[in-house]
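K.L.:
target.csv is reproduced in full below (CSV, C-alpha atoms).
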chain,number,residue,atom,x,y,z
A,255,ASP,CA,59.1,109.6,-180.6
A,256,ILE,CA,57.2,110.3,-177.3
A,257,LEU,CA,60.3,110.1,-175.2
A,258,SER,CA,62.3,112.5,-177.3
A,259,GLU,CA,59.4,115.0,-177.3
A,260,ASN,CA,59.2,115.1,-173.5
A,261,LYS,CA,62.3,116.2,-171.7
A,262,PRO,CA,62.7,115.4,-168.0
A,263,PRO,CA,61.2,116.0,-165.6
A,264,TYR,CA,58.2,113.9,-166.4
A,265,ILE,CA,56.2,111.0,-164.9
A,266,LEU,CA,55.7,107.5,-166.2
A,267,LEU,CA,52.5,105.7,-165.4
A,268,PRO,CA,52.8,102.1,-166.5
A,269,THR,CA,50.6,99.1,-166.2
A,270,HIS,CA,52.1,96.4,-164.0
A,271,ALA,CA,52.0,93.0,-165.7
A,272,ASN,CA,55.4,91.5,-165.2
A,273,LEU,CA,58.1,91.3,-162.5
A,274,TRP,CA,60.6,92.6,-165.1
A,275,ASP,CA,58.5,95.7,-166.0
A,276,PRO,CA,61.1,98.2,-164.6
A,277,PHE,CA,63.9,96.6,-166.7
A,278,PHE,CA,61.7,96.9,-169.8
A,279,LEU,CA,61.3,100.6,-169.1
A,280,ASN,CA,65.0,101.2,-168.5
A,281,TYR,CA,65.8,99.7,-171.9
A,282,PHE,CA,63.7,102.4,-173.6
A,283,VAL,CA,64.1,105.4,-171.3
A,284,HIS,CA,67.7,106.7,-171.6
A,285,HIS,CA,67.6,108.7,-168.4
A,286,PRO,CA,67.7,107.5,-164.8
A,287,ILE,CA,64.2,106.4,-163.6
A,288,PHE,CA,63.3,106.7,-159.9
A,289,PHE,CA,60.6,104.1,-159.1
A,290,VAL,CA,58.1,104.4,-156.3
A,291,THR,CA,58.2,100.9,-154.7
A,292,SER,CA,56.3,99.1,-152.0
A,293,ASP,CA,58.1,99.5,-148.7
A,294,ALA,CA,57.7,95.7,-148.1
A,295,LEU,CA,60.6,95.1,-150.5
A,296,PHE,CA,62.8,97.2,-148.3
A,297,ARG,CA,62.4,95.0,-145.2
A,298,ASN,CA,65.0,92.6,-146.5
A,299,ARG,CA,68.4,94.2,-145.9
A,300,PHE,CA,69.9,92.8,-149.1
A,301,CYS,CA,67.0,93.9,-151.3
A,302,SER,CA,66.9,97.3,-149.5
A,303,TYR,CA,70.5,98.0,-150.3
A,304,TRP,CA,70.2,97.4,-154.0
A,305,LEU,CA,66.8,99.1,-154.3
A,306,ARG,CA,68.3,102.2,-152.8
A,307,GLN,CA,71.3,102.0,-155.2
A,308,PHE,CA,68.8,102.0,-158.1
A,309,GLY,CA,67.1,105.1,-156.7
A,310,CYS,CA,63.8,103.3,-155.6
A,311,ILE,CA,61.5,105.3,-153.3
A,312,PRO,CA,59.8,103.3,-150.6
A,313,LYS,CA,56.0,103.8,-150.3
A,314,SER,CA,53.5,102.2,-147.8
A,315,GLN,CA,50.6,100.9,-149.8
A,316,ALA,CA,47.3,102.9,-149.6
A,317,ILE,CA,48.8,105.0,-146.7
A,318,PRO,CA,49.7,108.7,-147.1
A,319,ASP,CA,53.4,109.1,-146.5
A,320,ILE,CA,55.0,112.6,-146.1
A,321,GLU,CA,58.5,111.3,-146.5
A,322,THR,CA,57.6,109.6,-149.8
A,323,ILE,CA,56.1,112.8,-151.1
A,324,ARG,CA,59.3,114.7,-150.2
A,325,ASN,CA,61.4,112.2,-152.0
A,326,ILE,CA,59.1,112.3,-155.1
A,327,MET,CA,59.2,116.1,-155.2
A,328,ALA,CA,63.0,116.1,-154.9
A,329,VAL,CA,63.2,113.8,-158.0
A,330,ILE,CA,61.0,116.2,-160.0
A,331,LYS,CA,62.9,119.3,-158.7
A,332,ARG,CA,66.2,117.7,-159.9
A,333,GLY,CA,64.7,117.3,-163.4
A,334,ASP,CA,64.6,113.4,-163.3
A,335,VAL,CA,62.1,110.8,-164.4
A,336,LEU,CA,59.6,109.4,-161.9
A,337,CYS,CA,57.8,106.1,-162.3
A,338,ILE,CA,54.6,105.3,-160.4
A,339,TYR,CA,52.6,102.1,-160.8
A,340,PRO,CA,49.1,103.3,-160.0
A,341,GLU,CA,47.8,99.7,-159.6
A,342,GLY,CA,50.1,99.3,-156.6
A,343,MET,CA,50.8,95.6,-157.5
A,344,GLN,CA,51.3,93.2,-160.3
A,345,THR,CA,48.1,92.0,-162.0
A,346,TRP,CA,47.0,88.4,-161.5
A,347,ASP,CA,44.7,88.1,-164.6
A,348,GLY,CA,46.2,90.3,-167.3
A,349,THR,CA,43.7,93.2,-166.7
A,350,THR,CA,44.3,96.5,-165.1
A,351,LEU,CA,43.7,96.5,-161.3
A,352,PRO,CA,41.9,99.4,-159.6
A,353,LEU,CA,44.1,102.5,-159.6
A,354,ASN,CA,45.2,104.3,-156.5
A,355,PRO,CA,42.8,107.3,-156.2
A,356,ASN,CA,45.5,109.5,-154.8
A,357,THR,CA,47.5,109.3,-158.0
A,358,ALA,CA,45.5,112.1,-159.6
A,359,ARG,CA,46.1,114.4,-156.5
A,360,LEU,CA,49.9,113.7,-156.7
A,361,LEU,CA,50.0,114.5,-160.4
A,362,LYS,CA,48.2,117.8,-159.7
A,363,LEU,CA,50.8,118.6,-157.1
A,364,LEU,CA,53.8,117.9,-159.3
A,365,LYS,CA,52.5,119.6,-162.5
A,366,VAL,CA,54.8,117.9,-165.0
A,367,PRO,CA,53.9,115.9,-168.2
A,368,VAL,CA,52.6,112.4,-167.7
A,369,ILE,CA,53.3,109.4,-170.1
A,370,ARG,CA,51.3,106.2,-169.7
A,371,VAL,CA,53.0,103.0,-170.7
A,372,ILE,CA,51.1,99.8,-171.8
A,373,SER,CA,53.1,96.6,-171.9
A,374,HIS,CA,51.7,94.3,-174.7
A,375,GLY,CA,52.7,90.7,-174.1
A,376,ALA,CA,54.4,91.3,-170.7
A,377,PHE,CA,51.7,89.3,-168.9
A,378,SER,CA,51.7,86.6,-171.5
A,379,THR,CA,55.4,85.9,-171.2
A,380,CYS,CA,55.3,85.5,-167.4
A,381,PRO,CA,51.9,85.6,-165.7
A,382,ARG,CA,52.0,86.2,-162.0
A,383,TRP,CA,50.5,82.8,-161.3
A,384,SER,CA,52.8,80.9,-163.6
A,385,LYS,CA,55.9,78.8,-162.7
A,386,ASN,CA,57.3,79.1,-166.2
A,387,ARG,CA,58.2,81.8,-168.7
A,388,ARG,CA,56.7,81.8,-172.2
A,389,GLN,CA,58.5,82.5,-175.5
A,390,GLY,CA,57.1,85.7,-177.1
A,391,ARG,CA,57.7,89.3,-177.9
A,392,VAL,CA,57.0,92.2,-175.5
A,393,THR,CA,56.3,95.7,-176.8
A,394,LEU,CA,55.8,98.9,-174.9
A,395,ASP,CA,53.3,101.6,-176.0
A,396,PHE,CA,54.2,105.1,-174.8
A,397,LYS,CA,51.6,107.9,-174.9
A,398,THR,CA,51.6,111.4,-173.5
A,399,ILE,CA,48.2,111.6,-171.8
A,400,LEU,CA,48.7,114.9,-169.8
A,401,THR,CA,50.9,117.9,-170.5
A,402,ALA,CA,52.0,120.2,-167.8
A,403,GLU,CA,49.4,122.7,-169.0
A,404,ASP,CA,46.7,120.0,-168.8
A,405,ILE,CA,47.7,119.4,-165.2
A,406,ARG,CA,47.6,123.0,-164.2
A,407,THR,CA,44.2,123.7,-165.8
A,408,SER,CA,42.4,120.4,-165.0
A,409,ALA,CA,40.6,119.5,-161.8
A,410,VAL,CA,41.7,116.4,-159.8
A,411,GLY,CA,38.6,114.6,-161.0
A,412,GLU,CA,39.3,115.2,-164.6
A,413,ILE,CA,42.9,114.1,-164.2
A,414,ASP,CA,41.7,110.9,-162.5
A,415,ARG,CA,39.2,110.3,-165.4
A,416,VAL,CA,42.0,110.5,-167.9
A,417,ILE,CA,44.4,108.1,-166.2
A,418,GLN,CA,41.5,105.6,-165.5
A,419,GLN,CA,40.7,105.6,-169.2
A,420,GLU,CA,44.2,105.5,-170.6
A,421,LEU,CA,45.5,102.8,-168.3
A,422,SER,CA,42.5,100.5,-168.8
A,423,TYR,CA,43.9,97.3,-170.5
A,424,ASN,CA,43.0,93.7,-171.1
A,425,GLU,CA,45.8,91.4,-172.3
A,426,TRP,CA,43.4,88.8,-173.5
A,427,ASP,CA,41.5,91.2,-175.7
A,428,TRP,CA,44.8,92.5,-177.2
A,429,LEU,CA,46.1,89.0,-177.7
A,430,ALA,CA,42.9,87.9,-179.5
A,431,ALA,CA,43.2,90.7,-182.0
A,432,SER,CA,47.0,90.4,-182.5
A,433,HIS,CA,49.2,88.0,-184.4
A,434,ARG,CA,51.3,87.2,-181.4
A,435,TYR,CA,51.7,83.7,-179.9
A,436,PHE,CA,53.3,82.8,-176.6
A,437,ASN,CA,54.6,79.2,-176.5
A,438,ASN,CA,55.4,77.1,-173.5
A,439,PHE,CA,55.0,73.4,-173.0
A,440,PHE,CA,54.2,74.0,-169.3
A,441,GLY,CA,51.9,77.0,-170.0
A,442,ALA,CA,49.1,76.1,-167.6
A,443,LEU,CA,51.3,75.1,-164.7
A,444,GLY,CA,50.2,77.0,-161.6
A,445,MET,CA,46.9,78.2,-163.1
A,446,GLU,CA,44.9,76.8,-160.1
A,447,LYS,CA,46.1,79.9,-158.2
A,448,VAL,CA,43.6,81.9,-160.1
A,449,LEU,CA,41.3,79.3,-161.7
A,450,TYR,CA,40.2,77.8,-158.4
A,451,GLY,CA,36.6,77.1,-159.4
A,452,CYS,CA,35.6,74.5,-162.0
A,453,PRO,CA,33.6,76.0,-164.9
A,454,ALA,CA,31.8,72.6,-165.4
A,455,CYS,CA,30.7,71.5,-161.9
A,456,GLY,CA,31.3,74.7,-159.9
A,457,SER,CA,33.3,73.0,-157.2
A,458,SER,CA,35.9,75.3,-155.5
A,459,GLY,CA,39.6,74.4,-155.0
A,460,SER,CA,39.3,71.3,-157.3
A,461,MET,CA,41.3,72.5,-160.3
A,462,ARG,CA,44.7,71.0,-161.0
A,463,SER,CA,47.3,71.9,-163.6
A,464,ALA,CA,50.0,70.0,-165.5
A,465,LEU,CA,51.9,71.0,-168.7
A,466,ASN,CA,49.3,72.9,-170.8
A,467,ILE,CA,46.3,71.1,-169.2
A,468,VAL,CA,43.9,72.1,-166.4
A,469,ARG,CA,41.5,69.5,-164.9
A,470,CYS,CA,38.9,69.2,-162.2
A,471,ALA,CA,39.6,66.6,-159.6
A,472,GLU,CA,35.9,66.4,-158.8
A,473,CYS,CA,34.2,65.9,-162.1
A,474,GLY,CA,37.1,65.1,-164.5
A,475,PHE,CA,36.6,68.2,-166.6
A,476,ILE,CA,39.7,68.9,-168.8
A,477,ALA,CA,40.8,71.8,-170.9
A,478,ARG,CA,44.0,72.9,-172.7
A,479,PHE,CA,45.5,76.3,-172.5
A,480,ASN,CA,46.8,77.3,-175.9
A,481,ASN,CA,49.5,79.8,-177.1
A,482,LYS,CA,46.8,82.5,-177.7
A,483,GLY,CA,45.8,82.5,-174.0
A,484,ARG,CA,42.6,80.6,-174.6
A,485,PHE,CA,41.1,77.3,-173.3
A,486,VAL,CA,40.7,74.7,-176.1
A,487,ASN,CA,38.2,71.9,-175.4
A,488,HIS,CA,35.0,70.6,-176.9
A,489,GLN,CA,33.3,71.8,-173.7
A,490,LEU,CA,35.0,75.2,-174.0
A,491,ALA,CA,34.9,75.8,-177.7
A,492,GLY,CA,35.1,79.5,-178.5
A,493,VAL,CA,35.9,80.6,-175.0
Let me see the structure of the file written as structure tokens.

P.N.:
Amino acid sequence: DILSENKPPYILLPTHANLWDPFFLNYFVHHPIFFVTSDALFRNRFCSYWLRQFGCIPKSQAIPDIETIRNIMAVIKRGDVLCIYPEGMQTWDGTTLPLNPNTARLLKLLKVPVIRVISHGAFSTCPRWSKNRRQGRVTLDFKTILTAEDIRTSAVGEIDRVIQQELSYNEWDWLAASHRYFNNFFGALGMEKVLYGCPACGSSGSMRSALNIVRCAECGFIARFNNKGRFVNHQLAGV
């Protein structure tokens, strides 16, 4: 068990595929987790109050923040668990977004074990573009990718290479190779937020969605989004 082998303090580096990701982590990690969270969420007084109650640390995206670093170091010094989402935001398409290049420098500074977390099925149950949840199972894959000794003896560039490699994930590749299915009668609803170009005629902004169907308002192209995350249509066979 990865979590029992690593005693706090340590750092969790998860992929960010689902709005409920922090709750999934709390289910498995039986120790208080302090999440580094976008400061935009703290601008609402109600949200700010509850985020602070749960120990969330505000962070300005892509901007160095001395106060954030101090709060992070305090968490590690107390012997608690810190969670950082290196992507900085929730993925739109089920693949890992570019990682914050400053993550490796922060890990080098903190010098504690690092556990990466891949959420299999989290995106498929509730894609960011979707208006509906899908029925299906979510599993979390924990792996120690850097020990405290690794951090001490490795250069920042090597630490960055490790986290880039270990957090690279594609939900669609995993789903194609798995036996999982994610069922929802309204599975395609909202897909035009990401599928804004027609694959048949190339027109932009013409895609519409309803139930499990996407269609082009310009050329009439139609495809069905199935429970394996694939389009099914005679024009899209095998895609």

K.L.:
With all atoms listed in the file as the atoms that count, which of A:Asn325, A:Ser422, A:Asn438, A:Ser373 lies nearest to His270 in chain A?

P.N.:
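Of all the options, A:Ser373 lies closest to His270 in chain A.
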
K.L.:
Excluding Arg332 in chain A and residues on its chain fewer than 2 positions from it, collect all residues at most 12 Å away from it, counting only C-alpha atoms, and give them as a tab-separated table (two decimals) with C-alpha atoms, keeping the file's coordinate frame.

P.N.:
chain	number	residue	atom	x	y	z
A	262	PRO	CA	62.70	115.40	-168.00
A	263	PRO	CA	61.20	116.00	-165.60
A	264	TYR	CA	58.20	113.90	-166.40
A	286	PRO	CA	67.70	107.50	-164.80
A	288	PHE	CA	63.30	106.70	-159.90
A	325	ASN	CA	61.40	112.20	-152.00
A	326	ILE	CA	59.10	112.30	-155.10
A	327	MET	CA	59.20	116.10	-155.20
A	328	ALA	CA	63.00	116.10	-154.90
A	329	VAL	CA	63.20	113.80	-158.00
A	330	ILE	CA	61.00	116.20	-160.00
A	334	ASP	CA	64.60	113.40	-163.30
A	335	VAL	CA	62.10	110.80	-164.40
A	336	LEU	CA	59.60	109.40	-161.90

K.L.:
Can you pull out every residue within 12 Å of Leu257 in chain A, counting only C-alpha atoms, but drop anything in the same chain fewer than 6 positions away, and send it as a list in words?

P.N.:
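The residues satisfying every condition are Pro263, Tyr264, Ile265, Leu266, Leu279, Phe282, Val283, His284, His285, Val335, Pro367, Val368, Ile369, Arg370, Val371, Asp395, Phe396, Lys397 and Thr398 of chain A.
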
K.L.:
Using all atoms listed in the file, which protein or nucleic acid residues come within 12 Å of Cys455 in chain A? Drop anything in the same chain fewer than 4 positions from it, and give the result as a ChimeraX atom specification.

P.N.:
/A:450-451,459-461,469-476

K.L.:
So what do you get for CA of Val366 in chain A versus CA of Tyr281 in chain A, distance-wise?

P.N.:
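Taking CA of Val366 in chain A as the start and CA of Tyr281 in chain A as the end point, the length is 22.4 Å.
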
K.L.:
Grab the CA of Arg382 in chain A to CA of Asp347 in chain A distance for me, in Å with one decimal place.

P.N.:
8.0 Å

K.L.:
Which residue is closest to Glu420 in chain A? Choose from A:Pro276, A:Pro340, A:Gly441, A:Pro312 and count all atoms listed in the file.

P.N.:
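The answer is A:Pro340, which sits nearest to Glu420 in chain A.
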
K.L.:
Which residues come within 7 Å of range 378-380 of chain A, counting all atoms listed in the file, excluding same-chain residues fewer than 5 positions away, as a PyMOL selection string?

P.N.:
chain A and resi 272+386-390+436

K.L.:
Have a look at CA of Asp404 in chain A and CA of Lys261 in chain A and let me know their distance in Å, one decimal.

P.N.:
16.3 Å

K.L.:
Fewer than 4 positions away in the same chain doesn't count, so skip those; otherwise give me all residues within 10 Å of Asp275 in chain A, counting only C-alpha atoms, as a PyMOL selection string.

P.N.:
chain A and resi 268-271+279-280+344+373+376-377+394

K.L.:
Rank nothing, just name the residue among A:Arg359, A:Arg299, A:Lys331, A:Lys482 nearest to Ile417 in chain A, using all atoms listed in the file.

P.N.:
A:Arg359

K.L.:
Between A:Ser463, A:Asn424, A:Thr393, A:Ser258, single out the one closest to Val448 in chain A, counting all atoms listed in the file.

P.N.:
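Looking at the shortest contact to Val448 in chain A, the residue is A:Ser463.
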
K.L.:
For Lys313 in chain A, which of A:Phe440, A:Gly333, A:Val290, A:Arg406 is the closest residue, counting all atoms listed in the file?

P.N.:
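Using all atoms listed in the file, the shortest distance to Lys313 in chain A belongs to A:Val290.
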